[in-house]
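File shown here: start35.csv, holding CSV, C-alpha atoms.
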```csv
chain,number,residue,atom,x,y,z
A,1,ALA,CA,-60.4,-12.7,-48.2
A,2,GLN,CA,-59.3,-16.1,-47.3
A,3,THR,CA,-57.5,-16.9,-44.1
A,4,VAL,CA,-55.8,-20.0,-42.8
A,5,THR,CA,-55.2,-20.6,-39.1
A,6,GLN,CA,-52.9,-23.2,-37.5
A,7,SER,CA,-53.5,-23.0,-33.8
A,8,GLN,CA,-50.6,-25.3,-32.7
A,9,PRO,CA,-47.3,-23.5,-33.0
A,10,GLU,CA,-45.4,-26.6,-31.8
A,11,MET,CA,-46.1,-30.3,-31.4
A,12,SER,CA,-44.0,-33.2,-30.3
A,13,VAL,CA,-44.5,-37.0,-30.9
A,14,GLN,CA,-42.7,-40.1,-30.1
A,15,GLU,CA,-41.3,-42.0,-33.0
A,16,ALA,CA,-43.7,-44.6,-34.4
A,17,GLU,CA,-46.7,-42.9,-32.8
A,18,THR,CA,-49.5,-40.9,-34.5
A,19,VAL,CA,-49.9,-37.2,-34.4
A,20,THR,CA,-52.6,-34.8,-35.8
A,21,LEU,CA,-52.0,-31.3,-36.9
A,22,SER,CA,-54.9,-28.9,-37.0
A,23,CYS,CA,-55.9,-26.3,-39.6
A,24,THR,CA,-59.0,-24.2,-40.0
A,25,TYR,CA,-59.7,-21.8,-42.8
A,26,ASP,CA,-62.2,-19.1,-43.7
A,27,THR,CA,-63.6,-18.6,-47.2
A,28,SER,CA,-66.8,-17.9,-49.0
A,29,GLU,CA,-65.7,-20.0,-52.0
A,30,SER,CA,-67.1,-23.4,-52.6
A,31,ASN,CA,-64.5,-24.6,-55.0
A,32,TYR,CA,-60.9,-24.7,-53.8
A,33,TYR,CA,-57.9,-26.8,-52.9
A,34,LEU,CA,-56.2,-27.4,-49.6
A,35,PHE,CA,-52.7,-28.5,-49.1
A,36,TRP,CA,-50.2,-29.5,-46.4
A,37,TYR,CA,-46.6,-28.6,-47.2
A,38,LYS,CA,-43.6,-29.7,-45.2
A,39,GLN,CA,-40.5,-27.6,-44.7
A,40,PRO,CA,-37.6,-29.5,-43.1
A,41,PRO,CA,-34.9,-27.5,-41.3
A,42,SER,CA,-32.8,-25.6,-43.9
A,43,ARG,CA,-34.5,-27.5,-46.7
A,44,GLN,CA,-37.0,-26.6,-49.3
A,45,MET,CA,-40.8,-26.9,-49.0
A,46,ILE,CA,-42.4,-30.0,-50.4
A,47,LEU,CA,-46.0,-31.0,-50.9
A,48,VAL,CA,-47.2,-33.6,-48.5
A,49,ILE,CA,-50.8,-34.0,-49.5
A,50,ARG,CA,-53.6,-32.2,-51.4
A,51,GLN,CA,-57.4,-32.2,-51.1
A,52,GLU,CA,-59.9,-30.9,-53.6
A,53,ALA,CA,-62.9,-29.4,-51.9
A,54,TYR,CA,-65.5,-30.9,-54.2
A,55,LYS,CA,-64.2,-34.4,-53.3
A,56,GLN,CA,-65.8,-35.8,-50.2
A,57,GLN,CA,-63.3,-38.6,-49.8
A,58,ASN,CA,-60.3,-37.7,-47.6
A,59,ALA,CA,-57.0,-37.7,-49.3
A,60,THR,CA,-54.3,-40.2,-48.2
A,61,GLU,CA,-50.6,-40.5,-49.1
A,62,ASN,CA,-48.9,-43.5,-47.4
A,63,ARG,CA,-48.6,-42.5,-43.8
A,64,PHE,CA,-50.2,-39.1,-44.3
A,65,SER,CA,-54.0,-38.6,-44.3
A,66,VAL,CA,-56.3,-35.7,-43.9
A,67,ASN,CA,-59.6,-35.2,-42.1
A,68,PHE,CA,-61.5,-32.7,-44.3
A,69,GLN,CA,-64.6,-31.2,-42.8
A,70,LYS,CA,-65.9,-28.8,-45.4
A,71,ALA,CA,-68.9,-27.5,-43.3
A,72,ALA,CA,-66.6,-26.9,-40.4
A,73,LYS,CA,-63.8,-25.5,-42.6
A,74,SER,CA,-61.4,-27.8,-41.0
A,75,PHE,CA,-58.5,-29.7,-42.6
A,76,SER,CA,-56.3,-31.7,-40.2
A,77,LEU,CA,-53.3,-33.8,-41.1
A,78,LYS,CA,-52.7,-37.1,-39.5
A,79,ILE,CA,-49.2,-38.6,-39.6
A,80,SER,CA,-49.1,-42.3,-38.7
A,81,ASP,CA,-46.0,-44.3,-37.6
A,82,SER,CA,-44.1,-41.0,-37.2
A,83,GLN,CA,-40.5,-41.1,-38.3
A,84,LEU,CA,-37.5,-38.9,-37.4
A,85,GLY,CA,-37.5,-37.5,-40.9
A,86,ASP,CA,-41.0,-36.1,-40.3
A,87,THR,CA,-39.4,-33.4,-38.1
A,88,ALA,CA,-40.2,-30.2,-39.9
A,89,MET,CA,-42.5,-27.2,-40.1
A,90,TYR,CA,-45.8,-28.1,-41.5
A,91,PHE,CA,-47.9,-25.5,-43.3
A,92,CYS,CA,-51.5,-25.7,-44.2
A,93,ALA,CA,-52.4,-23.8,-47.4
A,94,PHE,CA,-55.5,-22.7,-49.4
A,95,MET,CA,-55.9,-22.1,-53.1
A,96,LYS,CA,-59.0,-20.8,-54.7
A,97,ARG,CA,-59.9,-23.0,-57.7
A,98,LEU,CA,-60.0,-21.1,-61.0
A,99,ASP,CA,-58.2,-18.2,-59.4
A,100,SER,CA,-56.5,-15.8,-61.7
A,101,SER,CA,-53.2,-16.7,-60.2
A,102,TYR,CA,-53.6,-20.0,-58.3
A,103,LYS,CA,-51.7,-18.4,-55.4
A,104,LEU,CA,-51.3,-20.2,-52.1
A,105,ILE,CA,-52.5,-18.7,-48.9
A,106,PHE,CA,-50.5,-20.2,-46.0
A,107,GLY,CA,-51.1,-20.6,-42.3
A,108,SER,CA,-48.4,-19.7,-39.8
A,109,GLY,CA,-47.2,-23.3,-39.5
A,110,THR,CA,-46.8,-26.0,-36.9
A,111,ARG,CA,-43.3,-27.1,-35.8
A,112,LEU,CA,-43.3,-30.9,-35.4
A,113,LEU,CA,-40.6,-32.6,-33.5
A,114,VAL,CA,-40.4,-36.4,-33.7
A,115,ARG,CA,-38.6,-37.8,-30.6
A,116,PRO,CA,-36.5,-41.0,-30.9
B,1,ASP,CA,-35.8,-32.4,-63.9
B,2,THR,CA,-33.5,-30.6,-61.5
B,3,GLY,CA,-36.1,-28.8,-59.5
B,4,VAL,CA,-36.5,-25.1,-58.9
B,5,SER,CA,-33.2,-23.4,-58.2
B,6,GLN,CA,-32.5,-20.0,-56.6
B,7,ASP,CA,-29.4,-17.9,-56.5
B,8,PRO,CA,-27.9,-16.7,-54.2
B,9,ARG,CA,-28.9,-18.8,-51.3
B,10,HIS,CA,-27.9,-16.2,-48.8
B,11,LYS,CA,-27.4,-12.4,-49.1
B,12,ILE,CA,-26.2,-9.9,-46.6
B,13,THR,CA,-26.5,-6.3,-47.5
B,14,LYS,CA,-26.5,-2.9,-46.0
B,15,ARG,CA,-29.6,-0.8,-45.7
B,16,GLY,CA,-30.1,1.3,-48.8
B,17,GLN,CA,-28.4,-1.1,-51.2
B,18,ASN,CA,-30.1,-2.8,-54.1
B,19,VAL,CA,-30.2,-6.6,-54.3
B,20,THR,CA,-31.3,-9.0,-57.1
B,21,PHE,CA,-32.4,-12.6,-56.7
B,22,ARG,CA,-32.7,-15.1,-59.5
B,23,CYS,CA,-35.1,-18.1,-59.8
B,24,ASP,CA,-34.9,-20.9,-62.4
B,25,PRO,CA,-38.2,-22.8,-62.6
B,26,ILE,CA,-38.6,-26.4,-63.6
B,27,SER,CA,-38.4,-26.6,-67.3
B,28,GLU,CA,-41.8,-26.6,-69.1
B,29,HIS,CA,-43.4,-24.9,-66.0
B,30,ASN,CA,-44.9,-21.8,-67.5
B,31,ARG,CA,-46.2,-20.4,-64.2
B,32,LEU,CA,-43.9,-18.9,-61.6
B,33,TYR,CA,-44.5,-17.4,-58.1
B,34,TRP,CA,-42.5,-15.3,-55.6
B,35,TYR,CA,-43.3,-15.6,-51.9
B,36,ARG,CA,-41.8,-13.9,-48.9
B,37,GLN,CA,-41.4,-15.8,-45.6
B,38,THR,CA,-40.5,-14.0,-42.4
B,39,LEU,CA,-39.3,-15.9,-39.3
B,40,GLY,CA,-42.0,-18.0,-37.7
B,41,GLN,CA,-44.5,-17.2,-40.4
B,42,GLY,CA,-45.9,-18.9,-43.4
B,43,PRO,CA,-45.0,-17.7,-46.9
B,44,GLU,CA,-46.9,-14.7,-48.2
B,45,PHE,CA,-47.6,-14.3,-51.9
B,46,LEU,CA,-45.8,-11.5,-53.7
B,47,THR,CA,-46.3,-11.9,-57.4
B,48,TYR,CA,-47.2,-14.3,-60.2
B,49,PHE,CA,-46.0,-14.8,-63.8
B,50,GLN,CA,-47.6,-16.8,-66.5
B,51,ASN,CA,-44.9,-17.2,-69.2
B,52,GLU,CA,-43.4,-13.7,-69.4
B,53,ALA,CA,-46.5,-11.8,-68.3
B,54,GLN,CA,-46.7,-10.6,-64.7
B,55,LEU,CA,-50.4,-11.2,-64.0
B,56,GLU,CA,-50.8,-10.4,-60.3
B,57,LYS,CA,-48.9,-8.5,-57.7
B,58,SER,CA,-49.6,-8.4,-54.0
B,59,ARG,CA,-49.9,-5.1,-52.1
B,60,LEU,CA,-46.9,-6.4,-50.2
B,61,LEU,CA,-44.9,-5.6,-53.3
B,62,SER,CA,-44.1,-2.0,-52.8
B,63,ASP,CA,-42.6,0.2,-55.5
B,64,ARG,CA,-39.1,-0.7,-54.3
B,65,PHE,CA,-39.7,-4.3,-55.5
B,66,SER,CA,-39.7,-5.3,-59.1
B,67,ALA,CA,-39.9,-8.7,-60.7
B,68,GLU,CA,-39.3,-9.7,-64.3
B,69,ARG,CA,-39.4,-12.9,-66.3
B,70,PRO,CA,-38.0,-12.2,-69.7
B,71,LYS,CA,-38.7,-14.8,-72.3
B,72,GLY,CA,-40.8,-16.8,-69.8
B,73,SER,CA,-37.9,-18.7,-68.4
B,74,PHE,CA,-35.9,-17.6,-65.3
B,75,SER,CA,-37.2,-14.7,-63.1
B,76,THR,CA,-35.5,-12.0,-61.2
B,77,LEU,CA,-36.7,-10.2,-58.1
B,78,GLU,CA,-35.0,-6.9,-57.4
B,79,ILE,CA,-35.3,-4.9,-54.2
B,80,GLN,CA,-34.2,-1.3,-54.3
B,81,ARG,CA,-33.1,0.8,-51.3
B,82,THR,CA,-33.3,-2.2,-49.0
B,83,GLU,CA,-34.7,-1.7,-45.5
B,84,GLN,CA,-34.3,-3.8,-42.4
B,85,GLY,CA,-37.9,-4.9,-42.7
B,86,ASP,CA,-37.0,-6.6,-46.0
B,87,SER,CA,-35.0,-9.2,-44.2
B,88,ALA,CA,-36.7,-12.5,-44.9
B,89,MET,CA,-36.6,-15.7,-46.9
B,90,TYR,CA,-37.6,-15.1,-50.5
B,91,LEU,CA,-39.1,-18.3,-52.1
B,92,CYS,CA,-39.7,-19.0,-55.7
B,93,ALA,CA,-42.1,-21.7,-56.9
B,94,SER,CA,-43.3,-23.0,-60.3
B,95,SER,CA,-46.2,-25.0,-61.5
B,96,PRO,CA,-47.1,-26.8,-64.7
B,97,PRO,CA,-49.4,-25.3,-67.4
B,98,VAL,CA,-53.2,-25.4,-66.7
B,99,GLY,CA,-54.6,-28.9,-66.9
B,100,GLU,CA,-51.5,-30.7,-65.9
B,101,GLY,CA,-51.4,-30.8,-62.1
B,102,GLN,CA,-51.7,-27.0,-62.3
B,103,GLU,CA,-52.5,-26.6,-58.6
B,104,THR,CA,-49.3,-28.1,-57.3
B,105,GLN,CA,-46.4,-25.7,-56.8
B,106,TYR,CA,-42.8,-26.8,-56.5
B,107,PHE,CA,-40.7,-24.6,-54.3
B,108,GLY,CA,-37.0,-23.7,-54.6
B,109,PRO,CA,-34.7,-23.6,-51.6
B,110,GLY,CA,-35.1,-19.8,-51.1
B,111,THR,CA,-32.8,-16.8,-50.8
B,112,ARG,CA,-32.3,-15.7,-47.3
B,113,LEU,CA,-31.8,-11.9,-47.2
B,114,LEU,CA,-30.4,-10.1,-44.2
B,115,VAL,CA,-30.4,-6.3,-44.3
B,116,LEU,CA,-28.0,-4.7,-41.8
```
Take the structure in this file and express it as structure tokens.
Amino acid sequence: AQTVTQSQPEMSVQEAETVTLSCTYDTSESNYYLFWYKQPPSRQMILVIRQEAYKQQNATENRFSVNFQKAAKSFSLKISDSQLGDTAMYFCAFMKRLDSSYKLIFGSGTRLLVRP
Amino acid sequence: DTGVSQDPRHKITKRGQNVTFRCDPISEHNRLYWYRQTLGQGPEFLTYFQNEAQLEKSRLLSDRFSAERPKGSFSTLEIQRTEQGDSAMYLCASSPPVGEGQETQYFGPGTRLLVL
């Protein structure tokens, strides 16, 4: 069974600075996807960034980038130039490729506070 | 595209009562998921529909839970004889057909259930 671990329950960063959120996962699969989802307070979850395991290049989306270390089973999220609107719960998630259901397996989340 | 919608947004019920939640996915999304999220945790997979067929159910989905998706459009999740442990946020997500960004799930705002 796959598991996803986020070891940082809470983090804080000053506006305009950079912060990195950690995620590790355990799987015997070689073909899978990894995701970071953002859940703002009282708002719905939205996709931040996605990584396909067979791609060596780290995914980037504007101020968001990942450091994907497949051998180490590590998938960290870097947020550059943090903005107040980045305050949210961040969930790392795993999806087995070609799974029968494409279900997501989530970590327990990291609460990020961006300070003005 | 109005996004995934869920109704009601909040539900308070007494232990032993039945409750039903509704999810309307993004149009043309043939795949639909239900997740449960308890306080301080990441969402956990409950069940998955492809069109009208329920293809996978988690062991979390006890016999008090039933989900349907008639005609492959909206879905309902019913909990019978509610227990206090059922208190959680129930999230619905949908994703496009296979081959069209299939791995990305779009989440609704959730239904927060409180069982007294």
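The closest residue to chain A, picked from B:Leu77, B:Ile26, B:Val115, B:Leu46 and counting only C-alpha atoms, is B:Leu46.
Any residue of chain A with an atom within 7 Å of chain B counts; using all atoms listed in the file, that gives Arg43, Gln44, Met45, Ile46, Phe91, Ser101, Tyr102, Lys103, Leu104, Ile105, Phe106, Gly107, Ser108 and Gly109 of chain A.
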Write the selection just made, keeping C-alpha atoms, as a short mmCIF file (atom, residue, chain, number, x, y, z; two decimals), in the frame of the given file?
```cif
data_model
loop_
_atom_site.label_atom_id
_atom_site.label_comp_id
_atom_site.auth_asym_id
_atom_site.auth_seq_id
_atom_site.Cartn_x
_atom_site.Cartn_y
_atom_site.Cartn_z
CA ARG A 43 -34.50 -27.50 -46.70
CA GLN A 44 -37.00 -26.60 -49.30
CA MET A 45 -40.80 -26.90 -49.00
CA ILE A 46 -42.40 -30.00 -50.40
CA PHE A 91 -47.90 -25.50 -43.30
CA SER A 101 -53.20 -16.70 -60.20
CA TYR A 102 -53.60 -20.00 -58.30
CA LYS A 103 -51.70 -18.40 -55.40
CA LEU A 104 -51.30 -20.20 -52.10
CA ILE A 105 -52.50 -18.70 -48.90
CA PHE A 106 -50.50 -20.20 -46.00
CA GLY A 107 -51.10 -20.60 -42.30
CA SER A 108 -48.40 -19.70 -39.80
CA GLY A 109 -47.20 -23.30 -39.50
#
```
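Between CA of Ala88 (chain B) and CA of Ala1 (chain A) the interatomic distance comes to 23.9 Å.
Of the listed residues B:Glu52, B:Asp24, B:Ser5, B:Thr111, the one whose atoms come nearest to Gly72 (chain B) is B:Glu52, with distances taken using all atoms listed in the file.
When all atoms listed in the file are used to measure the gap to Lys14 (chain B), the shortest distance among B:His29, B:Arg59, B:Arg81, B:Arg64 belongs to B:Arg81.
Contact shell of Phe94 (chain A) at 8 Å (only C-alpha atoms; same-chain neighbours under 2 positions omitted): A:Gln2, A:Val4, A:Tyr25, A:Tyr32, A:Tyr33, A:Leu34, A:Phe35, A:Cys92, A:Lys96, A:Leu104, A:Ile105, A:Phe106.
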